[in-house]
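What follows is a set of notes on a single structure, which appears directly below.
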Amino acid sequence: MNERKSTIVNIGSLSIGGPNPIAIQSMTTTDTRNVKDTVAQIRRLENAGCQIVRVAVPDVEAAKAIGSIKKQISIPLVADIHFDYNLALIAMQEGIDKLRINPGNIGSRKRVQMVTEMAKEKNIPIRIGVNAGSLDHRILEHFGGATAEALVESALEHVRLLEADNFDQIVLSLKASSLDVMVEAYRQISSKVPYPLHLGVTEAGNHEIGTLKSAIGIGALLLDGIGDTIRVSLTADPVLEIEAGKKILRVLGLLKDRIQIISCPTCGRCQIDLIELARQIENNLISKEKNLTVAIMGCAVNGPGEAREADIGIAGGKGCALLFKKGQVIRKIPENRIVEELLEEIDNF
Ligand code: SF4
């Protein structure tokens, strides 16, 4: 992995960019003016492992709800604002930790300055969120559509406006629903600016397709060493976005304490119900914070060999499994005790 070194930006108590781990974020689906429901959803997100949460701020009432929401949650809160600089000012007065606003869309130079001045004074970073679906007509015409180059130019125009005010607490996102456009846009911008990048595939789809699409787009960039925060956008309960984000980081080895699971696809040699066993074991391990590799293999022909690199694992036999630690057989377990005994061994590892 070729690590891109970005600047460090503080969002409330969380630092992103530089050597900091990739942070997972999401966005609420509740009406922000409904503080009770919004706080309840944010708490569910927090419990799932969400590290930064964004709320839509479409009007003054929503902006004024930020103070009450902030008091009841413990992760950094981001206000998503379009066009209205006044909402950005209210959100900052209410204690928001970060703004998502595009300075080129809020009107006069004076308005941009009012936002950057208050953001500087209160140490509030600004994310410029460029989206392929809402590019300026002028840019679309110049580039002949929502190309990667069009996204990059749009982002750079917004960046220049903030930099003109000596504002550098900038985070950028260049989202598109087309994977090739999104990946190419992030690759291009990553060498043009030093700021942290928030990765996401926009309008990715429902739980299954959206997770897959995001894993490909976000994963490709993370493998290039590009990206500081991620959001898996799903047409689903936002808690599922966090689970999907964690899975992407786990598969890439980017979670600090993660259990990596290796499991075989099974074949005619397998004589235990490995698919069900793997499902139960994975479900039990998903929330565990431990740095180890677990192998779940269907037979003793290839199992022990393939699991050699694993810290702990099983290789199925006839109605039983051999338990391995560091490639060595420890004991035989009857099929009905495999999940329980393997989990016990993992806890004690
Ligand atoms: S480990 Fe055994 S059961 Fe699993 S795919 Fe390989 S040969 Fe088949």
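Within each chain, counting starts at residue 1; across the structure tokens, chains are named A, B, ... in the order shown, with ligands numbered 1 upward in that order.
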
Near-A:Thr32 list (10 Å; only C-alpha atoms; drop same-chain fewer than 6 positions) as a PDB file with N, CA and C atoms, in the first residue's frame:
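New file result-v9.pdb:
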```
ATOM      1  N   THR A  38     -33.346  11.913  16.257  1.00  0.00           N
ATOM      2  CA  THR A  38     -31.994  12.054  15.697  1.00  0.00           C
ATOM      3  C   THR A  38     -30.955  11.556  16.694  1.00  0.00           C
ATOM      4  N   VAL A  39     -31.127  11.926  17.957  1.00  0.00           N
ATOM      5  CA  VAL A  39     -30.183  11.458  18.988  1.00  0.00           C
ATOM      6  C   VAL A  39     -30.253   9.935  19.111  1.00  0.00           C
ATOM      7  N   VAL A  55     -25.510  15.351   9.819  1.00  0.00           N
ATOM      8  CA  VAL A  55     -26.958  15.569   9.804  1.00  0.00           C
ATOM      9  C   VAL A  55     -27.288  16.600   8.731  1.00  0.00           C
ATOM     10  N   ALA A  56     -28.454  16.439   8.111  1.00  0.00           N
ATOM     11  CA  ALA A  56     -28.901  17.421   7.109  1.00  0.00           C
ATOM     12  C   ALA A  56     -29.388  18.672   7.842  1.00  0.00           C
ATOM     13  N   VAL A  57     -28.969  19.835   7.350  1.00  0.00           N
ATOM     14  CA  VAL A  57     -29.417  21.097   7.962  1.00  0.00           C
ATOM     15  C   VAL A  57     -30.077  21.947   6.863  1.00  0.00           C
ATOM     16  N   PRO A  58     -31.371  21.686   6.627  1.00  0.00           N
ATOM     17  CA  PRO A  58     -32.039  22.396   5.524  1.00  0.00           C
ATOM     18  C   PRO A  58     -32.639  23.738   5.923  1.00  0.00           C
ATOM     19  N   ASP A  59     -32.807  24.001   7.232  1.00  0.00           N
ATOM     20  CA  ASP A  59     -33.417  25.273   7.638  1.00  0.00           C
ATOM     21  C   ASP A  59     -32.916  25.704   9.011  1.00  0.00           C
ATOM     22  N   GLU A  61     -34.454  25.987  11.863  1.00  0.00           N
ATOM     23  CA  GLU A  61     -34.868  25.126  12.983  1.00  0.00           C
ATOM     24  C   GLU A  61     -33.909  23.933  13.137  1.00  0.00           C
ATOM     25  N   ALA A  62     -33.510  23.348  12.013  1.00  0.00           N
ATOM     26  CA  ALA A  62     -32.564  22.218  12.045  1.00  0.00           C
ATOM     27  C   ALA A  62     -31.206  22.698  12.564  1.00  0.00           C
ATOM     28  N   ALA A  63     -30.775  23.880  12.117  1.00  0.00           N
ATOM     29  CA  ALA A  63     -29.476  24.405  12.568  1.00  0.00           C
ATOM     30  C   ALA A  63     -29.496  24.654  14.076  1.00  0.00           C
ATOM     31  N   LYS A  64     -30.645  25.142  14.575  1.00  0.00           N
ATOM     32  CA  LYS A  64     -30.746  25.441  16.016  1.00  0.00           C
ATOM     33  C   LYS A  64     -30.879  24.185  16.868  1.00  0.00           C
ATOM     34  N   ALA A  65     -31.232  23.057  16.237  1.00  0.00           N
ATOM     35  CA  ALA A  65     -31.339  21.787  16.988  1.00  0.00           C
ATOM     36  C   ALA A  65     -29.955  21.202  17.290  1.00  0.00           C
ATOM     37  N   ILE A  66     -28.921  21.707  16.614  1.00  0.00           N
ATOM     38  CA  ILE A  66     -27.581  21.115  16.747  1.00  0.00           C
ATOM     39  C   ILE A  66     -27.063  21.144  18.189  1.00  0.00           C
ATOM     40  N   ILE A  69     -28.661  18.397  20.186  1.00  0.00           N
ATOM     41  CA  ILE A  69     -28.180  17.076  19.731  1.00  0.00           C
ATOM     42  C   ILE A  69     -26.768  16.839  20.262  1.00  0.00           C
ATOM     43  N   ALA A  79     -22.484  19.242  10.066  1.00  0.00           N
ATOM     44  CA  ALA A  79     -23.701  19.841   9.496  1.00  0.00           C
ATOM     45  C   ALA A  79     -23.595  19.856   7.979  1.00  0.00           C
TER      46      ALA A  79
END
```

Hey, which residues come within 6 Å of ligand 1 if we count only C-alpha atoms and all ligand atoms? Could you give them as a VMD selection string? chain A and resid 264 to 267 269 to 270 297 to 299 301 to 303

Keeping only N, CA and C atoms, write those residues as a PDB file, in the first residue's frame.
```pdb
ATOM      1  N   CYS A 264     -12.982 -21.598   3.546  1.00  0.00           N
ATOM      2  CA  CYS A 264     -12.941 -22.215   2.213  1.00  0.00           C
ATOM      3  C   CYS A 264     -14.346 -22.250   1.619  1.00  0.00           C
ATOM      4  N   PRO A 265     -14.462 -22.411   0.302  1.00  0.00           N
ATOM      5  CA  PRO A 265     -15.798 -22.402  -0.325  1.00  0.00           C
ATOM      6  C   PRO A 265     -16.539 -23.734  -0.157  1.00  0.00           C
ATOM      7  N   THR A 266     -15.893 -24.705   0.441  1.00  0.00           N
ATOM      8  CA  THR A 266     -16.342 -26.105   0.552  1.00  0.00           C
ATOM      9  C   THR A 266     -16.364 -26.778  -0.821  1.00  0.00           C
ATOM     10  N   CYS A 267     -16.291 -28.111  -0.794  1.00  0.00           N
ATOM     11  CA  CYS A 267     -16.393 -28.896  -2.033  1.00  0.00           C
ATOM     12  C   CYS A 267     -16.827 -30.303  -1.631  1.00  0.00           C
ATOM     13  N   ARG A 269     -15.349 -32.772  -0.726  1.00  0.00           N
ATOM     14  CA  ARG A 269     -14.606 -33.424   0.375  1.00  0.00           C
ATOM     15  C   ARG A 269     -15.165 -33.062   1.753  1.00  0.00           C
ATOM     16  N   CYS A 270     -15.950 -31.995   1.810  1.00  0.00           N
ATOM     17  CA  CYS A 270     -16.407 -31.475   3.106  1.00  0.00           C
ATOM     18  C   CYS A 270     -17.503 -32.363   3.697  1.00  0.00           C
ATOM     19  N   MET A 297     -11.912 -24.194   7.667  1.00  0.00           N
ATOM     20  CA  MET A 297     -11.663 -24.998   6.464  1.00  0.00           C
ATOM     21  C   MET A 297     -12.479 -26.291   6.514  1.00  0.00           C
ATOM     22  N   GLY A 298     -12.884 -26.741   5.336  1.00  0.00           N
ATOM     23  CA  GLY A 298     -13.828 -27.852   5.265  1.00  0.00           C
ATOM     24  C   GLY A 298     -13.249 -29.234   5.458  1.00  0.00           C
ATOM     25  N   CYS A 299     -11.952 -29.425   5.196  1.00  0.00           N
ATOM     26  CA  CYS A 299     -11.417 -30.777   5.313  1.00  0.00           C
ATOM     27  C   CYS A 299      -9.942 -30.770   5.709  1.00  0.00           C
ATOM     28  N   VAL A 301      -7.652 -32.347   4.096  1.00  0.00           N
ATOM     29  CA  VAL A 301      -6.757 -32.507   2.952  1.00  0.00           C
ATOM     30  C   VAL A 301      -6.017 -31.192   2.698  1.00  0.00           C
ATOM     31  N   ASN A 302      -6.820 -30.137   2.503  1.00  0.00           N
ATOM     32  CA  ASN A 302      -6.209 -28.834   2.259  1.00  0.00           C
ATOM     33  C   ASN A 302      -6.264 -27.916   3.476  1.00  0.00           C
ATOM     34  N   GLY A 303      -7.180 -28.225   4.383  1.00  0.00           N
ATOM     35  CA  GLY A 303      -7.412 -27.338   5.521  1.00  0.00           C
ATOM     36  C   GLY A 303      -6.167 -26.934   6.273  1.00  0.00           C
TER      37      GLY A 303
END
```

Could you pull the residues within 9 Å of A:Asn336, counting only C-alpha atoms, minus those fewer than 3 positions along the same chain, as a PyMOL selection string? chain A and resi 319-320+333+339-340

Counting only C-alpha atoms, what is within 12 Å of A:Ile81, bar same-chain residues fewer than 2 positions away, as a PyMOL selection string? chain A and resi 54-60+62-63+78-79+83-92+96+98-103+105-106+115+126-129

Could you go through stretch 76-272 of chain A and tell me which residues DSSP, when run on the backbone, assigns to strand (DSSP E or B), listing them as a PyMOL selection string? chain A and resi 77-80+98-100+126-131+170-175+197-201+229-232+259-263

Skipping near chain neighbours, those fewer than 6 positions away, what residues fall within 8 Å of A:Glu149 using only C-alpha atoms, listed as a list in words?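 Skipping anything fewer than 6 positions along the chain leaves Phe143, Ala185 and Gln188 of chain A.
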
Near A:Arg337, counting only C-alpha atoms, which residues have an atom at most 12 Å away, once you skip same-chain residues fewer than 6 positions from it, shown as a compact mmCIF listing (two decimals) with C-alpha atoms, in the first residue's frame?
```txt
# COMPACT_ATOMS: atom_id res chain seq x y z
CA LEU A 277 -20.60 -23.05 11.03
CA ILE A 281 -18.52 -18.03 13.83
CA ILE A 314 -10.53 -25.69 12.26
CA GLY A 319 -18.88 -35.09 11.79
CA CYS A 320 -15.98 -33.43 13.59
CA ALA A 321 -13.14 -30.95 13.14
CA LEU A 322 -9.48 -30.71 14.00
CA LEU A 323 -8.61 -27.59 15.98
CA LEU A 343 -14.85 -19.16 20.15
CA GLU A 344 -13.54 -20.15 23.58
```

Please identify all polymer residues within 10 Å of stretch 169-174 of chain A, counting only C-alpha atoms, omitting same-chain residues fewer than 3 positions from it, and present them as an mmCIF file with N, CA, C and O atoms, in the first residue's frame.
```cif
data_model
loop_
_atom_site.group_PDB
_atom_site.id
_atom_site.type_symbol
_atom_site.label_atom_id
_atom_site.label_comp_id
_atom_site.auth_asym_id
_atom_site.auth_seq_id
_atom_site.Cartn_x
_atom_site.Cartn_y
_atom_site.Cartn_z
ATOM 1 N N SER A 6 -1.539 13.000 4.003
ATOM 2 C CA SER A 6 -2.362 14.208 3.940
ATOM 3 C C SER A 6 -2.115 15.063 5.179
ATOM 4 O O SER A 6 -1.469 14.624 6.128
ATOM 5 N N THR A 7 -2.663 16.270 5.164
ATOM 6 C CA THR A 7 -2.578 17.122 6.354
ATOM 7 C C THR A 7 -3.501 16.546 7.427
ATOM 8 O O THR A 7 -4.371 15.717 7.129
ATOM 9 N N ILE A 8 -3.318 16.988 8.658
ATOM 10 C CA ILE A 8 -4.166 16.500 9.748
ATOM 11 C C ILE A 8 -5.255 17.536 10.026
ATOM 12 O O ILE A 8 -4.986 18.734 10.095
ATOM 13 N N VAL A 9 -6.482 17.048 10.166
ATOM 14 C CA VAL A 9 -7.618 17.930 10.455
ATOM 15 C C VAL A 9 -8.321 17.386 11.698
ATOM 16 O O VAL A 9 -8.536 16.182 11.821
ATOM 17 N N ASN A 10 -8.639 18.290 12.632
ATOM 18 C CA ASN A 10 -9.328 17.868 13.851
ATOM 19 C C ASN A 10 -10.819 18.148 13.735
ATOM 20 O O ASN A 10 -11.231 19.275 13.471
ATOM 21 N N ILE A 11 -11.604 17.085 13.937
ATOM 22 C CA ILE A 11 -13.067 17.222 13.923
ATOM 23 C C ILE A 11 -13.514 16.945 15.350
ATOM 24 O O ILE A 11 -13.603 15.789 15.771
ATOM 25 N N ILE A 16 -8.235 13.346 11.898
ATOM 26 C CA ILE A 16 -8.175 12.527 10.680
ATOM 27 C C ILE A 16 -7.019 13.020 9.821
ATOM 28 O O ILE A 16 -6.521 14.125 9.998
ATOM 29 N N GLY A 17 -6.628 12.186 8.859
ATOM 30 C CA GLY A 17 -5.515 12.559 7.975
ATOM 31 C C GLY A 17 -4.185 12.213 8.602
ATOM 32 O O GLY A 17 -4.126 11.702 9.728
ATOM 33 N N LYS A 98 -17.945 20.143 12.461
ATOM 34 C CA LYS A 98 -17.447 20.273 11.082
ATOM 35 C C LYS A 98 -18.608 20.699 10.182
ATOM 36 O O LYS A 98 -19.757 20.344 10.458
ATOM 37 N N LEU A 99 -18.265 21.448 9.143
ATOM 38 C CA LEU A 99 -19.288 21.838 8.166
ATOM 39 C C LEU A 99 -19.046 21.080 6.884
ATOM 40 O O LEU A 99 -17.894 20.892 6.485
ATOM 41 N N ARG A 100 -20.117 20.697 6.225
ATOM 42 C CA ARG A 100 -19.990 20.221 4.854
ATOM 43 C C ARG A 100 -20.732 21.270 4.036
ATOM 44 O O ARG A 100 -21.960 21.353 4.072
ATOM 45 N N ASN A 102 -20.149 23.833 0.290
ATOM 46 C CA ASN A 102 -19.306 24.201 -0.845
ATOM 47 C C ASN A 102 -19.273 25.713 -0.967
ATOM 48 O O ASN A 102 -20.297 26.325 -1.303
ATOM 49 N N THR A 116 -15.627 31.466 6.796
ATOM 50 C CA THR A 116 -14.247 31.037 7.093
ATOM 51 C C THR A 116 -13.715 31.731 8.362
ATOM 52 O O THR A 116 -12.991 31.119 9.133
ATOM 53 N N ALA A 119 -15.232 29.883 11.269
ATOM 54 C CA ALA A 119 -14.683 28.519 11.317
ATOM 55 C C ALA A 119 -13.254 28.541 11.862
ATOM 56 O O ALA A 119 -12.865 27.671 12.650
ATOM 57 N N LYS A 120 -12.487 29.564 11.469
ATOM 58 C CA LYS A 120 -11.105 29.673 11.967
ATOM 59 C C LYS A 120 -11.110 29.930 13.468
ATOM 60 O O LYS A 120 -10.396 29.290 14.244
ATOM 61 N N ASN A 123 -12.129 26.807 15.261
ATOM 62 C CA ASN A 123 -11.422 25.571 14.863
ATOM 63 C C ASN A 123 -12.346 24.527 14.256
ATOM 64 O O ASN A 123 -12.316 23.344 14.635
ATOM 65 N N ILE A 124 -13.175 24.965 13.353
ATOM 66 C CA ILE A 124 -14.126 24.046 12.716
ATOM 67 C C ILE A 124 -13.685 23.803 11.270
ATOM 68 O O ILE A 124 -13.570 24.745 10.488
ATOM 69 N N PRO A 125 -13.414 22.551 10.925
ATOM 70 C CA PRO A 125 -13.020 22.271 9.532
ATOM 71 C C PRO A 125 -14.218 22.305 8.575
ATOM 72 O O PRO A 125 -15.368 22.213 9.006
ATOM 73 N N ILE A 126 -13.909 22.437 7.304
ATOM 74 C CA ILE A 126 -14.956 22.459 6.271
ATOM 75 C C ILE A 126 -14.679 21.359 5.255
ATOM 76 O O ILE A 126 -13.562 21.260 4.740
ATOM 77 N N ARG A 127 -15.709 20.532 5.010
ATOM 78 C CA ARG A 127 -15.572 19.565 3.923
ATOM 79 C C ARG A 127 -16.243 20.121 2.674
ATOM 80 O O ARG A 127 -17.413 20.492 2.713
ATOM 81 N N ILE A 128 -15.471 20.149 1.613
ATOM 82 C CA ILE A 128 -16.013 20.472 0.298
ATOM 83 C C ILE A 128 -16.496 19.152 -0.282
ATOM 84 O O ILE A 128 -15.709 18.223 -0.449
ATOM 85 N N GLY A 129 -17.789 19.074 -0.533
ATOM 86 C CA GLY A 129 -18.343 17.814 -1.043
ATOM 87 C C GLY A 129 -18.827 17.974 -2.464
ATOM 88 O O GLY A 129 -19.927 18.470 -2.705
ATOM 89 N N VAL A 130 -17.988 17.575 -3.407
ATOM 90 C CA VAL A 130 -18.374 17.681 -4.814
ATOM 91 C C VAL A 130 -19.082 16.392 -5.216
ATOM 92 O O VAL A 130 -18.647 15.295 -4.868
ATOM 93 N N ASN A 131 -20.204 16.571 -5.905
ATOM 94 C CA ASN A 131 -21.012 15.420 -6.281
ATOM 95 C C ASN A 131 -21.303 15.474 -7.781
ATOM 96 O O ASN A 131 -21.697 16.521 -8.292
ATOM 97 N N ALA A 132 -21.113 14.348 -8.455
ATOM 98 C CA ALA A 132 -21.294 14.323 -9.923
ATOM 99 C C ALA A 132 -22.691 14.758 -10.339
ATOM 100 O O ALA A 132 -22.882 15.301 -11.423
ATOM 101 N N ALA A 148 -14.347 12.720 -14.474
ATOM 102 C CA ALA A 148 -13.439 12.833 -13.317
ATOM 103 C C ALA A 148 -12.775 14.211 -13.314
ATOM 104 O O ALA A 148 -12.652 14.849 -12.264
ATOM 105 N N LEU A 151 -15.116 16.827 -11.944
ATOM 106 C CA LEU A 151 -15.207 16.778 -10.476
ATOM 107 C C LEU A 151 -13.982 17.428 -9.840
ATOM 108 O O LEU A 151 -14.090 18.189 -8.871
ATOM 109 N N VAL A 152 -12.815 17.125 -10.397
ATOM 110 C CA VAL A 152 -11.570 17.663 -9.846
ATOM 111 C C VAL A 152 -11.542 19.191 -9.994
ATOM 112 O O VAL A 152 -11.222 19.908 -9.038
ATOM 113 N N SER A 154 -14.052 21.232 -10.266
ATOM 114 C CA SER A 154 -15.041 21.821 -9.359
ATOM 115 C C SER A 154 -14.479 21.879 -7.933
ATOM 116 O O SER A 154 -14.571 22.907 -7.252
ATOM 117 N N ALA A 155 -13.881 20.776 -7.489
ATOM 118 C CA ALA A 155 -13.303 20.738 -6.142
ATOM 119 C C ALA A 155 -12.213 21.798 -5.988
ATOM 120 O O ALA A 155 -12.163 22.506 -4.983
ATOM 121 N N LEU A 156 -11.366 21.930 -7.009
ATOM 122 C CA LEU A 156 -10.261 22.893 -6.917
ATOM 123 C C LEU A 156 -10.779 24.335 -6.860
ATOM 124 O O LEU A 156 -10.204 25.180 -6.174
ATOM 125 N N HIS A 158 -13.557 25.312 -5.439
ATOM 126 C CA HIS A 158 -14.003 25.544 -4.056
ATOM 127 C C HIS A 158 -12.789 25.692 -3.122
ATOM 128 O O HIS A 158 -12.777 26.540 -2.230
ATOM 129 N N VAL A 159 -11.775 24.858 -3.347
ATOM 130 C CA VAL A 159 -10.563 24.916 -2.518
ATOM 131 C C VAL A 159 -9.931 26.306 -2.619
ATOM 132 O O VAL A 159 -9.547 26.903 -1.604
ATOM 133 N N LEU A 162 -11.512 28.891 -0.382
ATOM 134 C CA LEU A 162 -11.153 28.790 1.042
ATOM 135 C C LEU A 162 -9.702 29.213 1.258
ATOM 136 O O LEU A 162 -9.387 29.922 2.224
ATOM 137 N N GLU A 163 -8.834 28.783 0.353
ATOM 138 C CA GLU A 163 -7.419 29.144 0.497
ATOM 139 C C GLU A 163 -7.208 30.649 0.360
ATOM 140 O O GLU A 163 -6.285 31.205 0.962
ATOM 141 N N ASN A 166 -7.007 32.117 3.516
ATOM 142 C CA ASN A 166 -6.007 31.430 4.348
ATOM 143 C C ASN A 166 -6.641 30.357 5.224
ATOM 144 O O ASN A 166 -6.229 30.154 6.368
ATOM 145 N N VAL A 181 -15.514 6.894 -12.687
ATOM 146 C CA VAL A 181 -15.388 8.350 -12.517
ATOM 147 C C VAL A 181 -14.921 8.669 -11.096
ATOM 148 O O VAL A 181 -13.994 9.459 -10.886
ATOM 149 N N MET A 182 -15.552 8.019 -10.129
ATOM 150 C CA MET A 182 -15.228 8.295 -8.724
ATOM 151 C C MET A 182 -13.767 7.946 -8.416
ATOM 152 O O MET A 182 -13.011 8.758 -7.870
ATOM 153 N N VAL A 183 -13.347 6.752 -8.803
ATOM 154 C CA VAL A 183 -11.972 6.316 -8.500
ATOM 155 C C VAL A 183 -10.957 7.230 -9.192
ATOM 156 O O VAL A 183 -9.983 7.687 -8.585
ATOM 157 N N GLU A 184 -11.211 7.543 -10.447
ATOM 158 C CA GLU A 184 -10.279 8.392 -11.199
ATOM 159 C C GLU A 184 -10.221 9.810 -10.610
ATOM 160 O O GLU A 184 -9.147 10.403 -10.496
ATOM 161 N N ALA A 185 -11.383 10.335 -10.207
ATOM 162 C CA ALA A 185 -11.412 11.694 -9.642
ATOM 163 C C ALA A 185 -10.576 11.763 -8.353
ATOM 164 O O ALA A 185 -9.780 12.690 -8.163
ATOM 165 N N TYR A 186 -10.737 10.772 -7.483
ATOM 166 C CA TYR A 186 -9.958 10.774 -6.233
ATOM 167 C C TYR A 186 -8.463 10.599 -6.530
ATOM 168 O O TYR A 186 -7.625 11.210 -5.880
ATOM 169 N N ILE A 189 -7.205 14.034 -7.747
ATOM 170 C CA ILE A 189 -7.161 15.113 -6.737
ATOM 171 C C ILE A 189 -6.098 14.810 -5.668
ATOM 172 O O ILE A 189 -5.518 15.712 -5.075
ATOM 173 N N SER A 190 -5.839 13.510 -5.443
ATOM 174 C CA SER A 190 -4.919 13.136 -4.357
ATOM 175 C C SER A 190 -3.509 13.691 -4.574
ATOM 176 O O SER A 190 -2.764 13.891 -3.618
ATOM 177 N N VAL A 193 -3.800 18.237 -4.105
ATOM 178 C CA VAL A 193 -3.997 18.964 -2.837
ATOM 179 C C VAL A 193 -3.516 18.085 -1.678
ATOM 180 O O VAL A 193 -3.511 16.859 -1.789
ATOM 181 N N PRO A 194 -3.138 18.702 -0.549
ATOM 182 C CA PRO A 194 -2.630 17.895 0.567
ATOM 183 C C PRO A 194 -3.713 17.490 1.575
ATOM 184 O O PRO A 194 -3.427 16.817 2.552
ATOM 185 N N TYR A 195 -4.945 17.892 1.340
ATOM 186 C CA TYR A 195 -5.982 17.751 2.375
ATOM 187 C C TYR A 195 -6.514 16.321 2.490
ATOM 188 O O TYR A 195 -6.494 15.572 1.513
ATOM 189 N N PRO A 196 -7.034 15.971 3.688
ATOM 190 C CA PRO A 196 -7.630 14.635 3.856
ATOM 191 C C PRO A 196 -8.786 14.427 2.880
ATOM 192 O O PRO A 196 -9.520 15.365 2.560
ATOM 193 N N LEU A 197 -8.946 13.185 2.449
ATOM 194 C CA LEU A 197 -10.013 12.855 1.503
ATOM 195 C C LEU A 197 -11.044 11.938 2.166
ATOM 196 O O LEU A 197 -10.686 10.934 2.786
ATOM 197 N N HIS A 198 -12.300 12.322 2.015
ATOM 198 C CA HIS A 198 -13.413 11.498 2.497
ATOM 199 C C HIS A 198 -13.938 10.708 1.303
ATOM 200 O O HIS A 198 -14.341 11.290 0.303
ATOM 201 N N LEU A 199 -13.879 9.382 1.394
ATOM 202 C CA LEU A 199 -14.230 8.530 0.246
ATOM 203 C C LEU A 199 -15.682 8.039 0.308
ATOM 204 O O LEU A 199 -16.164 7.670 1.380
ATOM 205 N N GLY A 200 -16.300 7.998 -0.851
ATOM 206 C CA GLY A 200 -17.631 7.416 -0.912
ATOM 207 C C GLY A 200 -18.104 7.289 -2.338
ATOM 208 O O GLY A 200 -17.694 8.050 -3.208
ATOM 209 N N VAL A 201 -18.932 6.276 -2.559
ATOM 210 C CA VAL A 201 -19.619 6.134 -3.850
ATOM 211 C C VAL A 201 -21.031 6.633 -3.586
ATOM 212 O O VAL A 201 -21.711 6.108 -2.701
ATOM 213 N N THR A 202 -21.452 7.657 -4.283
ATOM 214 C CA THR A 202 -22.763 8.217 -3.959
ATOM 215 C C THR A 202 -23.879 7.408 -4.601
ATOM 216 O O THR A 202 -23.665 6.750 -5.635
ATOM 217 N N GLY A 227 -7.196 8.110 0.937
ATOM 218 C CA GLY A 227 -8.429 8.117 1.730
ATOM 219 C C GLY A 227 -8.163 8.216 3.213
ATOM 220 O O GLY A 227 -7.229 7.583 3.731
ATOM 221 N N ASP A 228 -8.968 9.034 3.902
ATOM 222 C CA ASP A 228 -8.788 9.247 5.338
ATOM 223 C C ASP A 228 -10.050 8.956 6.142
ATOM 224 O O ASP A 228 -9.975 8.611 7.307
ATOM 225 N N THR A 229 -11.212 9.147 5.499
ATOM 226 C CA THR A 229 -12.479 8.747 6.119
ATOM 227 C C THR A 229 -13.306 8.089 5.021
ATOM 228 O O THR A 229 -13.085 8.347 3.841
ATOM 229 N N ILE A 230 -14.242 7.231 5.450
ATOM 230 C CA ILE A 230 -15.088 6.565 4.438
ATOM 231 C C ILE A 230 -16.548 6.600 4.853
ATOM 232 O O ILE A 230 -16.885 6.630 6.042
#
```

Check stretch 73-137 of chain A with DSSP on the backbone and list each residue it calls helix (DSSP H, G or I), as a PyMOL selection string. chain A and resi 85-93+103-105+109-121+132-134+137

Using Å and a single decimal, report how far atom CA of A:Lys247 sits from atom CA of A:Phe324.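 Computing the Euclidean distance for atom CA of A:Phe324 and atom CA of A:Lys247 yields 24.8 Å.
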